[in-house]
Amino acid sequence: MKKSRIAWVALVALAWACGPKPAEDTAEEVVAEEVVMDNSLTEEEKAEGWMLLFDGESLDGWRAFNADTLPANWIVEDGVMKGLGATGGEDFGGDIVFGGMEFEEFEMEFTWKISPGGNSGVFYHVVEGPDYKAPYYTGPEYQVIDQLGFPQPLEDWQSLAADYAMYVPDFEGVVKEAGEWNTSKIVFSEEGASYWLNGKKTVEFVPYSEDWEAKRNSGKWEEFPDYKIAKKGLIALQDHGDPVWFKNIKIRTL
(Lines give C-alpha, C1' and ligand atoms only; values in the text may rest on other atoms or scores of the structure.)
Protein backbone atom coordinates (compact mmCIF):
# COMPACT_ATOMS: atom_id res chain seq x y z
CA MET A 1 0.00 0.00 0.00
CA LYS A 2 2.82 2.36 0.82
CA LYS A 3 4.69 1.47 -2.39
CA SER A 4 1.56 2.12 -4.51
CA ARG A 5 1.06 5.54 -2.96
CA ILE A 6 4.70 6.49 -3.66
CA ALA A 7 4.36 5.37 -7.29
CA TRP A 8 1.17 7.39 -7.72
CA VAL A 9 2.82 10.52 -6.34
CA ALA A 10 5.76 10.03 -8.72
CA LEU A 11 3.43 9.76 -11.70
CA VAL A 12 1.65 12.99 -10.76
CA ALA A 13 4.97 14.81 -10.45
CA LEU A 14 6.12 13.51 -13.83
CA ALA A 15 2.89 14.58 -15.54
CA TRP A 16 3.22 18.09 -14.09
CA ALA A 17 6.81 18.39 -15.28
CA CYS A 18 5.96 17.28 -18.82
CA GLY A 19 2.69 19.16 -19.11
CA PRO A 20 2.09 22.63 -20.57
CA LYS A 21 3.84 25.45 -18.79
CA PRO A 22 1.90 28.24 -17.13
CA ALA A 23 0.70 30.98 -19.47
CA GLU A 24 3.29 33.46 -18.23
CA ASP A 25 6.10 31.12 -19.35
CA THR A 26 4.87 30.50 -22.91
CA ALA A 27 3.28 33.82 -23.84
CA GLU A 28 5.01 35.68 -26.72
CA GLU A 29 5.03 39.43 -27.15
CA VAL A 30 2.85 40.48 -30.08
CA VAL A 31 4.05 43.56 -31.96
CA ALA A 32 1.42 45.27 -34.06
CA GLU A 33 2.49 46.17 -37.61
CA GLU A 34 1.43 49.47 -39.09
CA VAL A 35 -0.82 48.83 -42.09
CA VAL A 36 0.01 51.25 -44.88
CA MET A 37 -2.72 51.84 -47.43
CA ASP A 38 -1.90 52.50 -51.07
CA ASN A 39 -1.17 56.13 -51.93
CA SER A 40 -0.54 57.17 -48.35
CA LEU A 41 2.41 58.04 -46.12
CA THR A 42 3.34 56.79 -42.68
CA GLU A 43 4.03 59.27 -39.90
CA GLU A 44 7.71 58.37 -40.17
CA GLU A 45 7.73 59.11 -43.91
CA LYS A 46 6.04 62.45 -43.34
CA ALA A 47 8.70 63.32 -40.76
CA GLU A 48 11.39 62.38 -43.29
CA GLY A 49 10.00 64.83 -45.83
CA TRP A 50 8.23 62.49 -48.24
CA MET A 51 5.33 63.86 -50.30
CA LEU A 52 2.79 62.10 -52.49
CA LEU A 53 2.50 62.95 -56.17
CA PHE A 54 -0.74 60.95 -56.45
CA ASP A 55 -3.42 60.54 -53.77
CA GLY A 56 -5.36 57.69 -55.40
CA GLU A 57 -8.42 59.86 -56.00
CA SER A 58 -7.56 62.60 -58.47
CA LEU A 59 -4.86 63.76 -60.86
CA ASP A 60 -4.48 67.11 -59.11
CA GLY A 61 -1.07 68.60 -59.86
CA TRP A 62 -0.63 66.70 -63.12
CA ARG A 63 -1.01 68.22 -66.60
CA ALA A 64 0.07 67.53 -70.14
CA PHE A 65 3.69 68.18 -71.08
CA ASN A 66 3.94 71.70 -72.57
CA ALA A 67 0.29 72.42 -71.75
CA ASP A 68 -1.92 73.72 -68.96
CA THR A 69 -4.60 71.04 -69.01
CA LEU A 70 -4.71 67.32 -68.32
CA PRO A 71 -4.96 65.09 -71.42
CA ALA A 72 -7.84 62.63 -71.74
CA ASN A 73 -5.51 59.63 -72.01
CA TRP A 74 -4.82 59.60 -68.23
CA ILE A 75 -7.50 58.61 -65.73
CA VAL A 76 -7.92 57.37 -62.15
CA GLU A 77 -9.32 53.84 -61.93
CA ASP A 78 -9.76 51.91 -58.66
CA GLY A 79 -7.24 54.07 -56.83
CA VAL A 80 -4.63 53.76 -59.60
CA MET A 81 -3.34 56.24 -62.17
CA LYS A 82 -3.83 54.70 -65.59
CA GLY A 83 -2.35 55.76 -68.91
CA LEU A 84 -4.73 54.54 -71.59
CA GLY A 85 -2.16 54.34 -74.35
CA ALA A 86 -4.24 56.67 -76.49
CA THR A 87 -1.36 58.13 -78.48
CA GLY A 88 -1.53 55.31 -81.01
CA GLY A 89 1.99 54.05 -80.51
CA GLU A 90 3.68 57.45 -80.79
CA ASP A 91 6.34 58.29 -78.23
CA PHE A 92 5.14 61.86 -77.79
CA GLY A 93 1.82 63.65 -77.38
CA GLY A 94 0.40 61.89 -74.34
CA ASP A 95 3.01 62.46 -71.63
CA ILE A 96 2.19 64.22 -68.37
CA VAL A 97 4.23 66.19 -65.83
CA PHE A 98 3.75 67.04 -62.18
CA GLY A 99 3.60 70.78 -62.74
CA GLY A 100 4.76 73.66 -60.62
CA MET A 101 7.43 71.78 -58.69
CA GLU A 102 10.99 71.07 -59.80
CA PHE A 103 13.36 68.61 -58.15
CA GLU A 104 17.15 68.53 -58.16
CA GLU A 105 18.57 65.94 -55.74
CA PHE A 106 15.85 63.56 -54.64
CA GLU A 107 14.67 60.06 -53.79
CA MET A 108 11.55 58.82 -55.58
CA GLU A 109 9.55 55.60 -55.25
CA PHE A 110 6.68 54.33 -57.37
CA THR A 111 4.67 51.17 -58.00
CA TRP A 112 3.74 50.24 -61.56
CA LYS A 113 2.61 47.58 -63.99
CA ILE A 114 2.66 47.44 -67.78
CA SER A 115 0.40 45.85 -70.39
CA PRO A 116 1.71 42.89 -72.45
CA GLY A 117 4.28 44.15 -74.92
CA GLY A 118 4.01 47.62 -73.40
CA ASN A 119 6.49 50.47 -73.11
CA SER A 120 6.56 53.54 -70.83
CA GLY A 121 8.97 55.47 -68.63
CA VAL A 122 9.48 57.81 -65.70
CA PHE A 123 11.47 61.02 -66.29
CA TYR A 124 13.08 63.64 -64.10
CA HIS A 125 14.87 66.98 -64.63
CA VAL A 126 12.41 67.57 -67.48
CA VAL A 127 12.42 70.99 -69.17
CA GLU A 128 9.48 72.31 -71.19
CA GLY A 129 9.58 74.60 -74.20
CA PRO A 130 8.62 74.94 -77.87
CA ASP A 131 11.77 73.15 -79.01
CA TYR A 132 10.90 69.96 -77.08
CA LYS A 133 8.22 67.55 -78.25
CA ALA A 134 8.50 65.18 -75.28
CA PRO A 135 10.15 64.85 -71.85
CA TYR A 136 12.93 62.63 -73.24
CA TYR A 137 14.34 65.56 -75.21
CA THR A 138 15.77 66.88 -71.93
CA GLY A 139 15.10 64.47 -69.05
CA PRO A 140 16.78 61.19 -68.03
CA GLU A 141 14.47 58.15 -68.07
CA TYR A 142 13.91 55.17 -65.82
CA GLN A 143 12.83 52.61 -68.43
CA VAL A 144 9.47 50.90 -67.83
CA ILE A 145 8.85 48.09 -70.31
CA ASP A 146 7.58 44.52 -70.69
CA GLN A 147 11.05 43.00 -70.67
CA LEU A 148 9.77 39.45 -71.18
CA GLY A 149 7.15 40.10 -73.82
CA PHE A 150 8.22 43.13 -75.84
CA PRO A 151 7.56 42.31 -79.52
CA GLN A 152 10.95 43.50 -80.82
CA PRO A 153 14.44 42.61 -79.58
CA LEU A 154 15.67 45.07 -76.96
CA GLU A 155 19.12 46.58 -76.88
CA ASP A 156 20.69 46.32 -73.42
CA TRP A 157 20.39 50.11 -72.98
CA GLN A 158 16.65 49.90 -73.76
CA SER A 159 16.00 47.29 -71.08
CA LEU A 160 13.89 47.44 -67.96
CA ALA A 161 15.15 49.69 -65.15
CA ALA A 162 17.91 51.13 -67.33
CA ASP A 163 19.01 54.73 -67.28
CA TYR A 164 17.71 54.80 -70.83
CA ALA A 165 20.47 55.00 -73.48
CA MET A 166 22.98 55.80 -70.75
CA TYR A 167 23.55 52.95 -68.27
CA VAL A 168 22.73 49.27 -68.82
CA PRO A 169 20.72 47.61 -66.02
CA ASP A 170 21.25 44.43 -64.03
CA PHE A 171 17.71 43.14 -63.55
CA GLU A 172 18.58 39.45 -63.19
CA GLY A 173 16.18 37.67 -60.85
CA VAL A 174 13.66 40.48 -60.33
CA VAL A 175 11.77 40.73 -63.65
CA LYS A 176 8.02 40.08 -63.44
CA GLU A 177 5.45 39.19 -66.08
CA ALA A 178 3.44 41.98 -67.69
CA GLY A 179 0.39 42.80 -65.57
CA GLU A 180 2.17 42.20 -62.25
CA TRP A 181 2.99 45.04 -59.87
CA ASN A 182 6.59 46.23 -59.50
CA THR A 183 8.21 48.59 -57.02
CA SER A 184 10.87 50.99 -58.30
CA LYS A 185 13.11 53.66 -56.88
CA ILE A 186 15.31 56.44 -58.23
CA VAL A 187 17.95 58.05 -56.03
CA PHE A 188 19.67 61.06 -57.58
CA SER A 189 22.41 63.20 -56.12
CA GLU A 190 25.63 64.58 -57.57
CA GLU A 191 27.60 62.28 -55.29
CA GLY A 192 25.96 59.21 -56.81
CA ALA A 193 22.74 58.00 -58.39
CA SER A 194 21.02 54.62 -58.52
CA TYR A 195 17.93 52.93 -59.92
CA TRP A 196 16.17 50.04 -58.19
CA LEU A 197 13.64 47.36 -59.21
CA ASN A 198 11.81 45.11 -56.77
CA GLY A 199 14.47 45.62 -54.12
CA LYS A 200 17.51 45.18 -56.41
CA LYS A 201 19.87 47.96 -57.51
CA THR A 202 19.90 47.82 -61.32
CA VAL A 203 21.98 50.88 -62.18
CA GLU A 204 24.57 52.98 -60.37
CA PHE A 205 26.47 56.00 -61.73
CA VAL A 206 28.00 59.34 -60.82
CA PRO A 207 26.20 62.22 -62.57
CA TYR A 208 28.35 64.75 -64.42
CA SER A 209 31.43 62.53 -64.10
CA GLU A 210 33.80 61.96 -67.04
CA ASP A 211 32.08 58.64 -67.80
CA TRP A 212 28.64 60.24 -67.59
CA GLU A 213 29.68 63.10 -69.89
CA ALA A 214 31.05 60.64 -72.45
CA LYS A 215 27.74 58.75 -72.55
CA ARG A 216 25.71 61.93 -72.61
CA ASN A 217 27.64 63.23 -75.65
CA SER A 218 27.44 60.07 -77.75
CA GLY A 219 25.00 57.53 -79.14
CA LYS A 220 21.34 58.46 -79.10
CA TRP A 221 21.93 61.82 -77.46
CA GLU A 222 23.93 63.18 -80.39
CA GLU A 223 20.51 63.86 -81.92
CA PHE A 224 19.27 65.63 -78.78
CA PRO A 225 21.71 68.42 -77.92
CA ASP A 226 19.63 69.67 -75.00
CA TYR A 227 19.39 66.30 -73.27
CA LYS A 228 20.25 66.79 -69.61
CA ILE A 229 20.96 70.52 -69.93
CA ALA A 230 19.33 71.16 -66.55
CA LYS A 231 20.31 69.90 -63.11
CA LYS A 232 16.72 70.20 -61.92
CA GLY A 233 13.31 69.96 -63.50
CA LEU A 234 9.89 68.31 -63.57
CA ILE A 235 8.83 64.71 -62.99
CA ALA A 236 7.07 63.16 -66.01
CA LEU A 237 5.27 59.93 -66.93
CA GLN A 238 5.24 58.60 -70.48
CA ASP A 239 2.35 57.44 -72.60
CA HIS A 240 4.13 55.49 -75.33
CA GLY A 241 0.88 54.17 -76.78
CA ASP A 242 0.43 51.23 -74.37
CA PRO A 243 -1.68 50.95 -71.21
CA VAL A 244 0.33 51.50 -68.03
CA TRP A 245 -0.60 51.84 -64.35
CA PHE A 246 1.04 53.78 -61.49
CA LYS A 247 0.39 54.17 -57.77
CA ASN A 248 2.26 54.97 -54.55
CA ILE A 249 4.24 57.73 -56.28
CA LYS A 250 6.20 59.58 -53.60
CA ILE A 251 9.30 61.77 -53.48
CA ARG A 252 11.51 63.63 -51.07
CA THR A 253 14.35 66.06 -51.62
CA LEU A 254 17.87 65.13 -50.54
# chains A, B, ... in the order shown; residues from 1 in each chain; ligands from 1
$ select_by_dssp --residues "stretch 137-252 of chain A" --states "strand (DSSP E or B)" --output "ChimeraX atom specification"
/A:141-145,163,167,182-189,192-197,200-205,233-237,244-252
$ closest_atom_pairs --of "stretch 180-225 of chain A" --to "stretch 134-142 of chain A" --cutoff "9 Å" --atoms "only C-alpha atoms" --output "CSV"
residue,atom,partner,partner_atom,distance
A:Ile186,CA,A:Tyr142,CA,7.8
A:Tyr195,CA,A:Tyr142,CA,7.5
A:Trp221,CA,A:Tyr137,CA,8.8
A:Phe224,CA,A:Tyr137,CA,6.1
A:Pro225,CA,A:Tyr137,CA,8.4
$ write_last_selection --atoms "all heavy atoms" --output "tab-separated table (two decimals), in the first residue's frame"
chain	number	residue	atom	x	y	z
A	186	ILE	N	14.23	55.65	-57.64
A	186	ILE	CA	15.31	56.44	-58.23
A	186	ILE	C	15.92	57.26	-57.10
A	186	ILE	O	15.20	57.95	-56.37
A	186	ILE	CB	14.79	57.40	-59.32
A	186	ILE	CG1	14.10	56.63	-60.45
A	186	ILE	CG2	15.93	58.25	-59.87
A	186	ILE	CD1	13.36	57.52	-61.43
A	195	TYR	N	19.29	53.36	-59.62
A	195	TYR	CA	17.93	52.93	-59.92
A	195	TYR	C	17.73	51.56	-59.29
A	195	TYR	O	18.66	50.74	-59.23
A	195	TYR	CB	17.70	52.80	-61.43
A	195	TYR	CG	17.72	54.09	-62.22
A	195	TYR	CD1	17.98	55.33	-61.64
A	195	TYR	CD2	17.48	54.05	-63.60
A	195	TYR	CE1	17.99	56.49	-62.39
A	195	TYR	CE2	17.50	55.20	-64.36
A	195	TYR	CZ	17.76	56.42	-63.76
A	195	TYR	OH	17.78	57.57	-64.52
A	221	TRP	N	22.07	60.43	-77.88
A	221	TRP	CA	21.93	61.82	-77.46
A	221	TRP	C	22.65	62.80	-78.39
A	221	TRP	O	22.52	64.02	-78.21
A	221	TRP	CB	22.39	61.96	-76.01
A	221	TRP	CG	21.64	61.00	-75.14
A	221	TRP	CD1	22.17	59.99	-74.40
A	221	TRP	CD2	20.22	60.90	-75.00
A	221	TRP	NE1	21.17	59.27	-73.79
A	221	TRP	CE2	19.96	59.80	-74.15
A	221	TRP	CE3	19.14	61.61	-75.51
A	221	TRP	CZ2	18.68	59.41	-73.79
A	221	TRP	CZ3	17.86	61.22	-75.16
A	221	TRP	CH2	17.64	60.13	-74.31
A	224	PHE	N	20.02	64.82	-79.73
A	224	PHE	CA	19.27	65.63	-78.78
A	224	PHE	C	20.25	66.50	-77.97
A	224	PHE	O	20.61	66.17	-76.85
A	224	PHE	CB	18.46	64.72	-77.84
A	224	PHE	CG	17.44	63.89	-78.55
A	224	PHE	CD1	17.76	62.63	-79.03
A	224	PHE	CD2	16.16	64.38	-78.78
A	224	PHE	CE1	16.83	61.85	-79.70
A	224	PHE	CE2	15.22	63.62	-79.45
A	224	PHE	CZ	15.54	62.35	-79.91
A	225	PRO	N	20.67	67.61	-78.55
A	225	PRO	CA	21.71	68.42	-77.92
A	225	PRO	C	21.33	69.01	-76.57
A	225	PRO	O	22.22	69.37	-75.79
A	225	PRO	CB	21.95	69.53	-78.95
A	225	PRO	CG	20.70	69.59	-79.76
A	225	PRO	CD	20.20	68.19	-79.82
$ atom_distance --atom1 "atom CA of A:Asp38" --atom2 "atom CA of A:Val126"
26.5 Å
$ residues_around --residues "stretch 205-220 of chain A" --least-positions-apart "6" --cutoff "7 Å" --atoms "only C-alpha atoms" --output "list in words"
Ala165, Met166, Glu190, Glu191, Gly192, Ala193 and Ser194 of chain A
$ closest_residue --among "A:Ala47, A:Leu52, A:Ala178, A:Val36" --to "A:Asn248" --atoms "only C-alpha atoms"
A:Leu52
$ select_by_dssp --residues "stretch 108-244 of chain A" --states "alpha helix (DSSP H)" --output "tab-separated table (two decimals) with N, CA, C and O atoms, in the first residue's frame"
chain	number	residue	atom	x	y	z
A	210	GLU	N	33.22	62.11	-65.70
A	210	GLU	CA	33.80	61.96	-67.04
A	210	GLU	C	33.09	60.86	-67.82
A	210	GLU	O	32.80	61.00	-69.01
A	211	ASP	N	32.79	59.74	-67.15
A	211	ASP	CA	32.08	58.64	-67.80
A	211	ASP	C	30.68	59.06	-68.20
A	211	ASP	O	30.21	58.76	-69.31
A	212	TRP	N	30.00	59.77	-67.30
A	212	TRP	CA	28.64	60.24	-67.59
A	212	TRP	C	28.64	61.20	-68.77
A	212	TRP	O	27.80	61.11	-69.67
A	213	GLU	N	29.59	62.13	-68.80
A	213	GLU	CA	29.68	63.10	-69.89
A	213	GLU	C	29.93	62.41	-71.23
A	213	GLU	O	29.36	62.78	-72.26
A	214	ALA	N	30.76	61.37	-71.21
A	214	ALA	CA	31.05	60.64	-72.45
A	214	ALA	C	29.78	59.98	-72.99
A	214	ALA	O	29.53	59.99	-74.21
A	215	LYS	N	28.99	59.38	-72.11
A	215	LYS	CA	27.74	58.75	-72.55
A	215	LYS	C	26.72	59.79	-73.00
A	215	LYS	O	26.01	59.59	-73.99
A	216	ARG	N	26.67	60.88	-72.28
A	216	ARG	CA	25.71	61.93	-72.61
A	216	ARG	C	26.01	62.57	-73.97
A	216	ARG	O	25.12	63.05	-74.68
$ residues_around --residues "A:Gly83" --least-positions-apart "2" --cutoff "12 Å" --atoms "only C-alpha atoms" --output "number ranges by chain"
A: 59, 70-77, 80-81, 85-87, 94-96, 112-115, 118-121, 237-247
$ residues_around --residues "A:Leu197" --least-positions-apart "4" --cutoff "12 Å" --atoms "only C-alpha atoms" --output "NGL selection string"
:A and (109-112 or 142-144 or 160-162 or 169-176 or 181-187 or 201-203)
$ write_last_selection --atoms "N, CA and C atoms" --output "mmCIF file, in the first residue's frame"
data_model
loop_
_atom_site.group_PDB
_atom_site.id
_atom_site.type_symbol
_atom_site.label_atom_id
_atom_site.label_comp_id
_atom_site.auth_asym_id
_atom_site.auth_seq_id
_atom_site.Cartn_x
_atom_site.Cartn_y
_atom_site.Cartn_z
ATOM 1 N N GLU A 109 10.031 56.983 -55.183
ATOM 2 C CA GLU A 109 9.554 55.603 -55.250
ATOM 3 C C GLU A 109 8.211 55.570 -55.979
ATOM 4 N N PHE A 110 7.955 54.479 -56.671
ATOM 5 C CA PHE A 110 6.675 54.328 -57.371
ATOM 6 C C PHE A 110 6.404 52.854 -57.622
ATOM 7 N N THR A 111 5.128 52.528 -57.695
ATOM 8 C CA THR A 111 4.674 51.170 -57.998
ATOM 9 C C THR A 111 3.999 51.203 -59.367
ATOM 10 N N TRP A 112 4.255 50.197 -60.203
ATOM 11 C CA TRP A 112 3.744 50.242 -61.564
ATOM 12 C C TRP A 112 3.515 48.841 -62.118
ATOM 13 N N TYR A 142 13.930 56.521 -66.395
ATOM 14 C CA TYR A 142 13.910 55.173 -65.823
ATOM 15 C C TYR A 142 13.009 54.359 -66.743
ATOM 16 N N GLN A 143 13.576 53.369 -67.416
ATOM 17 C CA GLN A 143 12.832 52.613 -68.426
ATOM 18 C C GLN A 143 11.824 51.667 -67.792
ATOM 19 N N VAL A 144 10.561 51.796 -68.217
ATOM 20 C CA VAL A 144 9.467 50.903 -67.832
ATOM 21 C C VAL A 144 9.024 50.177 -69.096
ATOM 22 N N LEU A 160 14.617 47.074 -69.170
ATOM 23 C CA LEU A 160 13.889 47.442 -67.960
ATOM 24 C C LEU A 160 14.821 47.953 -66.869
ATOM 25 N N ALA A 161 14.419 49.072 -66.260
ATOM 26 C CA ALA A 161 15.145 49.688 -65.147
ATOM 27 C C ALA A 161 16.515 50.213 -65.543
ATOM 28 N N ALA A 162 16.699 50.466 -66.852
ATOM 29 C CA ALA A 162 17.914 51.127 -67.327
ATOM 30 C C ALA A 162 17.810 52.625 -67.102
ATOM 31 N N PRO A 169 21.159 48.110 -67.322
ATOM 32 C CA PRO A 169 20.716 47.615 -66.021
ATOM 33 C C PRO A 169 21.079 46.153 -65.749
ATOM 34 N N ASP A 170 21.157 45.822 -64.481
ATOM 35 C CA ASP A 170 21.254 44.429 -64.034
ATOM 36 C C ASP A 170 19.939 44.094 -63.341
ATOM 37 N N PHE A 171 19.027 43.467 -64.085
ATOM 38 C CA PHE A 171 17.710 43.143 -63.545
ATOM 39 C C PHE A 171 17.545 41.642 -63.282
ATOM 40 N N GLU A 172 18.635 40.904 -63.337
ATOM 41 C CA GLU A 172 18.585 39.446 -63.186
ATOM 42 C C GLU A 172 17.879 39.058 -61.884
ATOM 43 N N GLY A 173 16.856 38.214 -62.020
ATOM 44 C CA GLY A 173 16.184 37.666 -60.849
ATOM 45 C C GLY A 173 15.015 38.465 -60.319
ATOM 46 N N VAL A 174 14.748 39.657 -60.888
ATOM 47 C CA VAL A 174 13.663 40.482 -60.328
ATOM 48 C C VAL A 174 12.628 40.905 -61.380
ATOM 49 N N VAL A 175 12.734 40.379 -62.600
ATOM 50 C CA VAL A 175 11.772 40.732 -63.645
ATOM 51 C C VAL A 175 10.462 39.981 -63.432
ATOM 52 N N LYS A 176 9.346 40.693 -63.591
ATOM 53 C CA LYS A 176 8.021 40.079 -63.444
ATOM 54 C C LYS A 176 7.292 40.093 -64.784
ATOM 55 N N TRP A 181 2.498 43.807 -60.460
ATOM 56 C CA TRP A 181 2.988 45.045 -59.868
ATOM 57 C C TRP A 181 4.479 44.965 -59.559
ATOM 58 N N ASN A 182 5.175 46.072 -59.805
ATOM 59 C CA ASN A 182 6.589 46.226 -59.496
ATOM 60 C C ASN A 182 6.783 47.447 -58.600
ATOM 61 N N THR A 183 7.834 47.428 -57.802
ATOM 62 C CA THR A 183 8.208 48.592 -57.020
ATOM 63 C C THR A 183 9.559 49.098 -57.519
ATOM 64 N N SER A 184 9.649 50.391 -57.748
ATOM 65 C CA SER A 184 10.866 50.986 -58.300
ATOM 66 C C SER A 184 11.286 52.191 -57.479
ATOM 67 N N LYS A 185 12.564 52.524 -57.607
ATOM 68 C CA LYS A 185 13.110 53.662 -56.876
ATOM 69 C C LYS A 185 14.199 54.320 -57.705
ATOM 70 N N ILE A 186 14.232 55.650 -57.639
ATOM 71 C CA ILE A 186 15.309 56.440 -58.225
ATOM 72 C C ILE A 186 15.920 57.263 -57.101
ATOM 73 N N VAL A 187 17.226 57.189 -56.958
ATOM 74 C CA VAL A 187 17.954 58.046 -56.030
ATOM 75 C C VAL A 187 18.916 58.875 -56.864
ATOM 76 N N LYS A 201 19.243 46.829 -56.814
ATOM 77 C CA LYS A 201 19.869 47.958 -57.512
ATOM 78 C C LYS A 201 20.226 47.514 -58.926
ATOM 79 N N THR A 202 19.680 48.206 -59.923
ATOM 80 C CA THR A 202 19.899 47.824 -61.316
ATOM 81 C C THR A 202 20.945 48.694 -62.007
ATOM 82 N N VAL A 203 21.082 49.922 -61.547
ATOM 83 C CA VAL A 203 21.977 50.883 -62.180
ATOM 84 C C VAL A 203 22.615 51.743 -61.101
#
$ atom_distance --atom1 "atom CA of A:Glu57" --atom2 "atom CA of A:Phe123"
22.4 Å
